[in-house]
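Notes follow once the structure below has been shown.
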Amino acid sequence: MIEAETDIEDIEERLRQAGIFGPASEEMQLYESRLTRFFEREYARYRDSGRVPRDYGVATDEGPIMEETEALMEQHYDEQQDFFSGFLDTQYRAYSMAYYGESAEEVRDSAATLEQAQEAKFALIAARAGIRGDERVFNIGCGFGSLETYLLKHFPAIEIVSITPSKVQLAHIRGRMQDPADPLCSDRLTLIEGAFDQLDLQALGGRSYDLVISVAVFEQVINMQAVLEKIASLLLPGGRTFHHFITSQAAIPQFLNPDKTRIGLYFPGGRVWPHAEFSSHTDHFEVCDSWFVNGLNYWRTLDEWHHRYWGSLPSLYRSTFDHEQIAHWNNYFSLCKAMFAPVDGCFYGNSHYLFRLKG
Ligand SMILES: C[S@@+](CC[C@H](N)C(=O)[O-])C[C@H]1O[C@@H](n2cnc3c(N)ncnc32)[C@H](O)[C@@H]1O
C-alpha cells in the first residue's frame, strides 16, 4: 500500500521497476503480439481437423452440470468490488463481450464507447431471443445485474428471476434494489442466491418461465445434456432458451480441460467448446437458430477493460492490491485479448443459440 496522493505515473514507474507493464507500453504490446502468434499457430494445427470433443475423450452428456463453482467464486467473481468497478462499463456493469459490429472491419471502425457497445450487445440479445416484453424470464449467472438493468429499463411489463452464487455480486445487486432511483429497485426482479446446477427446480421457481437465458456463463457447463434437461423443466409449453458464450470454430483439445491452459487459472472449471457442440443436444429442444459473433468484439472489449483497469490502479493500489495481484489481473486481460485476436476474430468468438421446447 502506498500513500493516497500517489498518481498513475508514480505507480507506473514502481510497477515498471517490478517488471509489470501497462497496456499502452511497448513491452506489453510486444508480449501480446508474441502471445497472439502462439495462439495463431495453435489454431492452425486444429482448424481443419474436423474432430469433435468426444474424439478427444471429452463427453458433453456425462458428469455434473458444472464443477468447481466455489473455486471460481473465490479466484474470480468474489474479487473485491473496486476491481470490477474500475474497468466495467458504468451503465450496465456487464461482465461479458460488448458488441461493436458484425465484421472485423465494423468492429475496428466502430466509434462506439464501451457503454454504447454493451447496450448494443443487450439489444442484439433481446432481438435474437425474440423478447416481446410480456415474458417471465429466468437469467442464469446475472453478474452485477447487467441484463436485468437493460430489460427492466426497456420492457415495462417483463418479470425477471436471476441467480448468482457470487457474494460480491449479490451484495451489489441487493444494495441497488434498495435505491428507488435504480432500475433494479423493482418488484419485477427476484434475486436467488446460489448455483443453478445445485438448486432444485422448486427453489428455482418451478415450471413457470417463458424464457431461460444466460450471458457468458455456459463456458462453465460440462454436461450440456443435463443443463438443457434442467432448463426444459423450468419452461412453460412453447418456452424458449437463449445462450451467449465463448466458442471456437474447431475443437482445441487443451481448451476442453481447464487444467491444461493458463486461462483455467482465472476460470476454474471453464472450457471453450466448439460452436457446433451445443446445438447437437436436441432431446428436449429444437434449434431455432445459432450465430457466431466475431471475436474482435471481445478483443476490443478486453482492450477497453485493460486500459480502464490500468487507469484505476491509483485507487486499487491505495486499498489492497499488491504487485502480485496487479500483475495477475494485468496478465489476465492480455492473455484473453491474445486469444481473440488471431484470424481477424474468426476463430474464437461468442456464439448465440436460440432453442424452443419440443412438444
Ligand atoms: C462472466 S460473468 C457474466 C455476468 C453477466 N451475465 C453479464 O453478462 O454481465 C459469469 C456469471 O456466471 C455466474 N456463475 C458462475 N457459475 C454459476 C453457477 N454454477 N450458477 C449460477 N451462476 C453462476 C457468475 O457468478 C457470474 O455472475
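Letters A, B, ... go to the chains of the C-alpha cells in the order shown; residues in each chain start at 1; ligands are counted from 1 in the same order.
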
Restrict the calculation to only C-alpha atoms, then for each residue of range 72-181 of chain A with any atom at most 12 Å from an atom of range 198-210 of chain A give the closest atom pair and their distance in Å to one decimal, rows by chain and rising residue number, as JSON lines.
{"residue": "A:Ala129", "atom": "CA", "partner": "A:Asp210", "partner_atom": "CA", "distance": 11.1}
{"residue": "A:Gly130", "atom": "CA", "partner": "A:Asp210", "partner_atom": "CA", "distance": 11.0}
{"residue": "A:Ile131", "atom": "CA", "partner": "A:Asp210", "partner_atom": "CA", "distance": 9.7}
{"residue": "A:Arg132", "atom": "CA", "partner": "A:Asp210", "partner_atom": "CA", "distance": 10.8}
{"residue": "A:Gly133", "atom": "CA", "partner": "A:Asp210", "partner_atom": "CA", "distance": 10.8}
{"residue": "A:Asp134", "atom": "CA", "partner": "A:Asp210", "partner_atom": "CA", "distance": 9.2}
{"residue": "A:Glu135", "atom": "CA", "partner": "A:Asp210", "partner_atom": "CA", "distance": 5.7}
{"residue": "A:Arg136", "atom": "CA", "partner": "A:Tyr209", "partner_atom": "CA", "distance": 5.2}
{"residue": "A:Val137", "atom": "CA", "partner": "A:Tyr209", "partner_atom": "CA", "distance": 5.7}
{"residue": "A:Phe138", "atom": "CA", "partner": "A:Tyr209", "partner_atom": "CA", "distance": 6.6}
{"residue": "A:Asn139", "atom": "CA", "partner": "A:Tyr209", "partner_atom": "CA", "distance": 10.3}
{"residue": "A:Ile140", "atom": "CA", "partner": "A:Leu204", "partner_atom": "CA", "distance": 10.2}
{"residue": "A:Ile158", "atom": "CA", "partner": "A:Asp210", "partner_atom": "CA", "distance": 10.6}
{"residue": "A:Glu159", "atom": "CA", "partner": "A:Tyr209", "partner_atom": "CA", "distance": 9.5}
{"residue": "A:Ile160", "atom": "CA", "partner": "A:Tyr209", "partner_atom": "CA", "distance": 9.3}
{"residue": "A:Val161", "atom": "CA", "partner": "A:Gly205", "partner_atom": "CA", "distance": 8.4}
{"residue": "A:Ser162", "atom": "CA", "partner": "A:Leu204", "partner_atom": "CA", "distance": 9.1}
{"residue": "A:Ile163", "atom": "CA", "partner": "A:Leu204", "partner_atom": "CA", "distance": 8.6}
{"residue": "A:Thr164", "atom": "CA", "partner": "A:Leu199", "partner_atom": "CA", "distance": 11.3}
{"residue": "A:Pro165", "atom": "CA", "partner": "A:Gln198", "partner_atom": "CA", "distance": 10.1}

### Message
Show me which residues line ligand 1, defined as having an atom within 7 Å of a ligand atom where only C-alpha atoms and all ligand atoms count, and present them as number ranges by chain.
### Response
A: 66, 69, 73, 77, 93-96, 140-147, 163-166, 169, 194-197, 214-217, 220

### Message
Among range 216-284 of chain A, which residues does DSSP mark as strand (DSSP E or B) when it is run on the backbone? Keep the chain and numbering as in the structure and answer as an NGL selection string.
### Response
:A and (221 or 235-248 or 273-274)

Same residues, N, CA and C atoms, output as a short mmCIF file (atom, residue, chain, number, x, y, z; two decimals), in the first residue's frame:
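This went into selection_12.cif:
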data_model
loop_
_atom_site.label_atom_id
_atom_site.label_comp_id
_atom_site.auth_asym_id
_atom_site.auth_seq_id
_atom_site.Cartn_x
_atom_site.Cartn_y
_atom_site.Cartn_z
N VAL A 221 -20.29 -24.87 -18.24
CA VAL A 221 -21.12 -26.09 -18.33
C VAL A 221 -20.29 -27.23 -18.92
N LEU A 235 -39.44 -24.53 -18.06
CA LEU A 235 -40.16 -23.77 -19.09
C LEU A 235 -41.63 -24.16 -19.23
N LEU A 236 -42.44 -23.16 -19.49
CA LEU A 236 -43.85 -23.38 -19.85
C LEU A 236 -43.91 -23.96 -21.26
N PRO A 237 -45.02 -24.59 -21.66
CA PRO A 237 -45.12 -25.11 -23.03
C PRO A 237 -44.81 -24.01 -24.05
N GLY A 238 -44.03 -24.35 -25.08
CA GLY A 238 -43.66 -23.36 -26.11
C GLY A 238 -42.51 -22.47 -25.68
N GLY A 239 -41.94 -22.72 -24.48
CA GLY A 239 -40.90 -21.85 -23.95
C GLY A 239 -39.61 -21.90 -24.76
N ARG A 240 -38.78 -20.84 -24.58
CA ARG A 240 -37.53 -20.72 -25.33
C ARG A 240 -36.35 -20.64 -24.39
N THR A 241 -35.18 -20.98 -24.94
CA THR A 241 -33.96 -20.76 -24.17
C THR A 241 -32.92 -20.16 -25.08
N PHE A 242 -32.18 -19.17 -24.55
CA PHE A 242 -31.18 -18.43 -25.35
C PHE A 242 -29.89 -18.38 -24.54
N HIS A 243 -28.76 -18.67 -25.21
CA HIS A 243 -27.47 -18.64 -24.50
C HIS A 243 -26.40 -17.99 -25.34
N HIS A 244 -25.53 -17.23 -24.64
CA HIS A 244 -24.41 -16.49 -25.25
C HIS A 244 -23.16 -16.96 -24.50
N PHE A 245 -22.23 -17.58 -25.19
CA PHE A 245 -20.96 -17.93 -24.52
C PHE A 245 -19.82 -18.07 -25.52
N ILE A 246 -18.59 -18.08 -24.98
CA ILE A 246 -17.38 -18.14 -25.81
C ILE A 246 -17.30 -19.50 -26.48
N THR A 247 -16.99 -19.47 -27.78
CA THR A 247 -16.79 -20.73 -28.52
C THR A 247 -15.63 -20.56 -29.49
N SER A 248 -15.21 -21.71 -30.02
CA SER A 248 -14.20 -21.70 -31.10
C SER A 248 -14.84 -22.35 -32.31
N TRP A 273 -15.89 -24.48 -25.83
CA TRP A 273 -16.48 -25.53 -26.67
C TRP A 273 -16.52 -25.08 -28.13
N PRO A 274 -16.42 -26.04 -29.06
CA PRO A 274 -16.60 -25.66 -30.47
C PRO A 274 -18.05 -25.25 -30.71
#

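Of the residues under consideration (A:Asp61, A:Leu296, A:Gln29, A:Asp82), A:Leu296 shows the shortest atom-to-atom contact distance to Pro342 in chain A when counting only C-alpha atoms.
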
### Query
Any idea what the distance is between CA of Asp55 in chain A and CA of Ala341 in chain A?
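Computing it gives 26.7 Å between the two atoms.
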
### Message
Between A:Phe285, A:Tyr332, A:Trp291, A:Phe321, which residue has the minimum interatomic distance to Gly349 in chain A, considering only C-alpha atoms?
### Response
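So, comparing all the options, the nearest one is A:Trp291.
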
#### Entry: Residue contacts of Arg14 in chain A (12 Å, only C-alpha atoms) excluding same-chain residues fewer than 2 positions away, as a count of residues only
22

### Query
Of the candidates A:Tyr150, A:Tyr92, A:Tyr266, A:Tyr56, which one gets nearest to Asp78 in chain A if we count only C-alpha atoms?
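Under the stated criterion, the closest residue is A:Tyr266.
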
### Task
Enumerate, as a ChimeraX atom specification, the complete set of residues in range 84-183 of chain A that a backbone-based DSSP assignment places in alpha helix (DSSP H).
/A:84-87,104-109,114-128,146-154,167-177

Would you save the residues from that selection as a CSV table (one decimal), in the first residue's frame, using N, CA and C atoms?
chain,number,residue,atom,x,y,z
A,84,PHE,N,-13.7,-4.6,-10.0
A,84,PHE,CA,-14.7,-4.7,-11.1
A,84,PHE,C,-15.2,-3.3,-11.5
A,85,SER,N,-15.4,-2.4,-10.4
A,85,SER,CA,-15.9,-1.1,-10.7
A,85,SER,C,-14.9,-0.3,-11.5
A,86,GLY,N,-13.6,-0.6,-11.4
A,86,GLY,CA,-12.5,0.1,-12.1
A,86,GLY,C,-12.5,-0.1,-13.6
A,87,PHE,N,-13.1,-1.2,-14.1
A,87,PHE,CA,-13.0,-1.4,-15.5
A,87,PHE,C,-14.3,-1.6,-16.3
A,104,ALA,N,-15.1,-7.9,-38.9
A,104,ALA,CA,-13.8,-7.3,-38.3
A,104,ALA,C,-13.7,-5.8,-38.6
A,105,GLU,N,-14.0,-5.5,-39.8
A,105,GLU,CA,-13.9,-4.0,-40.2
A,105,GLU,C,-14.9,-3.2,-39.4
A,106,GLU,N,-16.1,-3.7,-39.2
A,106,GLU,CA,-17.1,-2.9,-38.5
A,106,GLU,C,-16.6,-2.7,-37.0
A,107,VAL,N,-16.0,-3.8,-36.5
A,107,VAL,CA,-15.6,-3.7,-35.1
A,107,VAL,C,-14.4,-2.7,-35.0
A,108,ARG,N,-13.5,-2.8,-35.9
A,108,ARG,CA,-12.3,-1.9,-35.9
A,108,ARG,C,-12.7,-0.4,-36.1
A,109,ASP,N,-13.7,-0.2,-37.0
A,109,ASP,CA,-14.1,1.2,-37.4
A,109,ASP,C,-15.1,1.8,-36.5
A,114,LEU,N,-17.5,1.9,-24.8
A,114,LEU,CA,-17.8,0.6,-24.2
A,114,LEU,C,-19.3,0.6,-23.7
A,115,GLU,N,-19.7,1.7,-23.2
A,115,GLU,CA,-21.1,1.8,-22.7
A,115,GLU,C,-22.1,1.6,-23.8
A,116,GLN,N,-21.8,2.2,-25.0
A,116,GLN,CA,-22.8,2.1,-26.1
A,116,GLN,C,-22.7,0.6,-26.7
A,117,ALA,N,-21.5,0.1,-26.7
A,117,ALA,CA,-21.3,-1.3,-27.2
A,117,ALA,C,-22.0,-2.3,-26.3
A,118,GLN,N,-22.0,-2.1,-25.0
A,118,GLN,CA,-22.7,-3.0,-24.1
A,118,GLN,C,-24.2,-2.9,-24.3
A,119,GLU,N,-24.7,-1.7,-24.5
A,119,GLU,CA,-26.1,-1.6,-24.8
A,119,GLU,C,-26.5,-2.3,-26.1
A,120,ALA,N,-25.6,-2.1,-27.1
A,120,ALA,CA,-25.8,-2.8,-28.4
A,120,ALA,C,-25.9,-4.3,-28.2
A,121,LYS,N,-25.0,-4.8,-27.4
A,121,LYS,CA,-25.0,-6.3,-27.1
A,121,LYS,C,-26.3,-6.7,-26.5
A,122,PHE,N,-26.8,-6.0,-25.5
A,122,PHE,CA,-28.1,-6.4,-24.9
A,122,PHE,C,-29.3,-6.3,-25.9
A,123,ALA,N,-29.2,-5.2,-26.7
A,123,ALA,CA,-30.2,-5.0,-27.8
A,123,ALA,C,-30.2,-6.2,-28.7
A,124,LEU,N,-29.0,-6.6,-29.1
A,124,LEU,CA,-28.9,-7.8,-30.1
A,124,LEU,C,-29.4,-9.1,-29.4
A,125,ILE,N,-29.1,-9.3,-28.2
A,125,ILE,CA,-29.6,-10.5,-27.5
A,125,ILE,C,-31.1,-10.4,-27.4
A,126,ALA,N,-31.6,-9.3,-27.0
A,126,ALA,CA,-33.1,-9.2,-26.8
A,126,ALA,C,-33.8,-9.5,-28.1
A,127,ALA,N,-33.2,-9.0,-29.2
A,127,ALA,CA,-33.8,-9.2,-30.6
A,127,ALA,C,-33.7,-10.7,-31.0
A,128,ARG,N,-32.5,-11.3,-30.8
A,128,ARG,CA,-32.3,-12.7,-31.2
A,128,ARG,C,-33.1,-13.6,-30.3
A,146,SER,N,-26.5,-6.8,-15.1
A,146,SER,CA,-26.4,-6.0,-16.4
A,146,SER,C,-27.7,-6.3,-17.3
A,147,LEU,N,-28.0,-7.5,-17.5
A,147,LEU,CA,-29.1,-7.8,-18.4
A,147,LEU,C,-30.4,-7.4,-17.7
A,148,GLU,N,-30.5,-7.5,-16.4
A,148,GLU,CA,-31.7,-7.1,-15.6
A,148,GLU,C,-31.9,-5.6,-15.8
A,149,THR,N,-30.7,-4.8,-15.7
A,149,THR,CA,-30.9,-3.3,-15.9
A,149,THR,C,-31.4,-3.0,-17.3
A,150,TYR,N,-30.9,-3.7,-18.3
A,150,TYR,CA,-31.4,-3.5,-19.7
A,150,TYR,C,-32.8,-3.8,-19.8
A,151,LEU,N,-33.2,-5.0,-19.4
A,151,LEU,CA,-34.6,-5.5,-19.6
A,151,LEU,C,-35.6,-4.7,-18.8
A,152,LEU,N,-35.3,-4.4,-17.6
A,152,LEU,CA,-36.2,-3.6,-16.7
A,152,LEU,C,-36.4,-2.2,-17.3
A,153,LYS,N,-35.4,-1.6,-17.8
A,153,LYS,CA,-35.5,-0.3,-18.4
A,153,LYS,C,-36.3,-0.3,-19.7
A,154,HIS,N,-36.1,-1.3,-20.5
A,154,HIS,CA,-36.7,-1.3,-21.9
A,154,HIS,C,-38.0,-2.0,-22.0
A,167,LYS,N,-21.0,-13.7,-3.8
A,167,LYS,CA,-21.3,-12.9,-2.7
A,167,LYS,C,-21.2,-11.4,-3.0
A,168,VAL,N,-20.1,-11.1,-3.8
A,168,VAL,CA,-19.8,-9.7,-4.2
A,168,VAL,C,-20.9,-9.2,-5.1
A,169,GLN,N,-21.3,-10.0,-6.0
A,169,GLN,CA,-22.4,-9.6,-7.0
A,169,GLN,C,-23.8,-9.5,-6.2
A,170,LEU,N,-24.0,-10.4,-5.3
A,170,LEU,CA,-25.3,-10.4,-4.6
A,170,LEU,C,-25.4,-9.1,-3.7
A,171,ALA,N,-24.3,-8.8,-3.1
A,171,ALA,CA,-24.3,-7.5,-2.2
A,171,ALA,C,-24.5,-6.3,-3.1
A,172,HIS,N,-23.9,-6.3,-4.3
A,172,HIS,CA,-24.0,-5.1,-5.2
A,172,HIS,C,-25.5,-5.0,-5.6
A,173,ILE,N,-26.1,-6.1,-6.1
A,173,ILE,CA,-27.5,-6.0,-6.6
A,173,ILE,C,-28.4,-5.7,-5.4
A,174,ARG,N,-28.2,-6.3,-4.3
A,174,ARG,CA,-29.1,-6.0,-3.1
A,174,ARG,C,-29.1,-4.6,-2.7
A,175,GLY,N,-27.9,-4.0,-2.8
A,175,GLY,CA,-27.8,-2.6,-2.5
A,175,GLY,C,-28.6,-1.7,-3.5
A,176,ARG,N,-28.5,-2.1,-4.7
A,176,ARG,CA,-29.2,-1.3,-5.8
A,176,ARG,C,-30.7,-1.5,-5.7
A,177,MET,N,-31.1,-2.7,-5.2
A,177,MET,CA,-32.5,-3.0,-5.1
A,177,MET,C,-33.2,-2.1,-4.0

### Task
Choose the residue, out of A:Ile252, A:Met97, A:Leu30, A:Ala111, that has the smallest atom-to-atom separation from Phe347 in chain A; count only C-alpha atoms.
A:Ile252

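Note that the spacing between CA of Val212 in chain A and CA of Gly359 in chain A amounts to 17.1 Å.
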
### Query
So how many Å separate CA of Arg308 in chain A and CA of Phe267 in chain A, to one decimal?
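The value is 21.2 Å.
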
### Query
For Ser25 in chain A, which of A:Ser290, A:Glu42, A:Trp310, A:Ser110 is the closest residue, counting only C-alpha atoms?
A:Trp310

### Task
Measuring atom to atom with only C-alpha atoms, identify which of A:Arg45, A:Arg262, A:Gln75, A:His281 is nearest to Ala59 in chain A.
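Distance minimum relative to Ala59 in chain A lands on A:His281.
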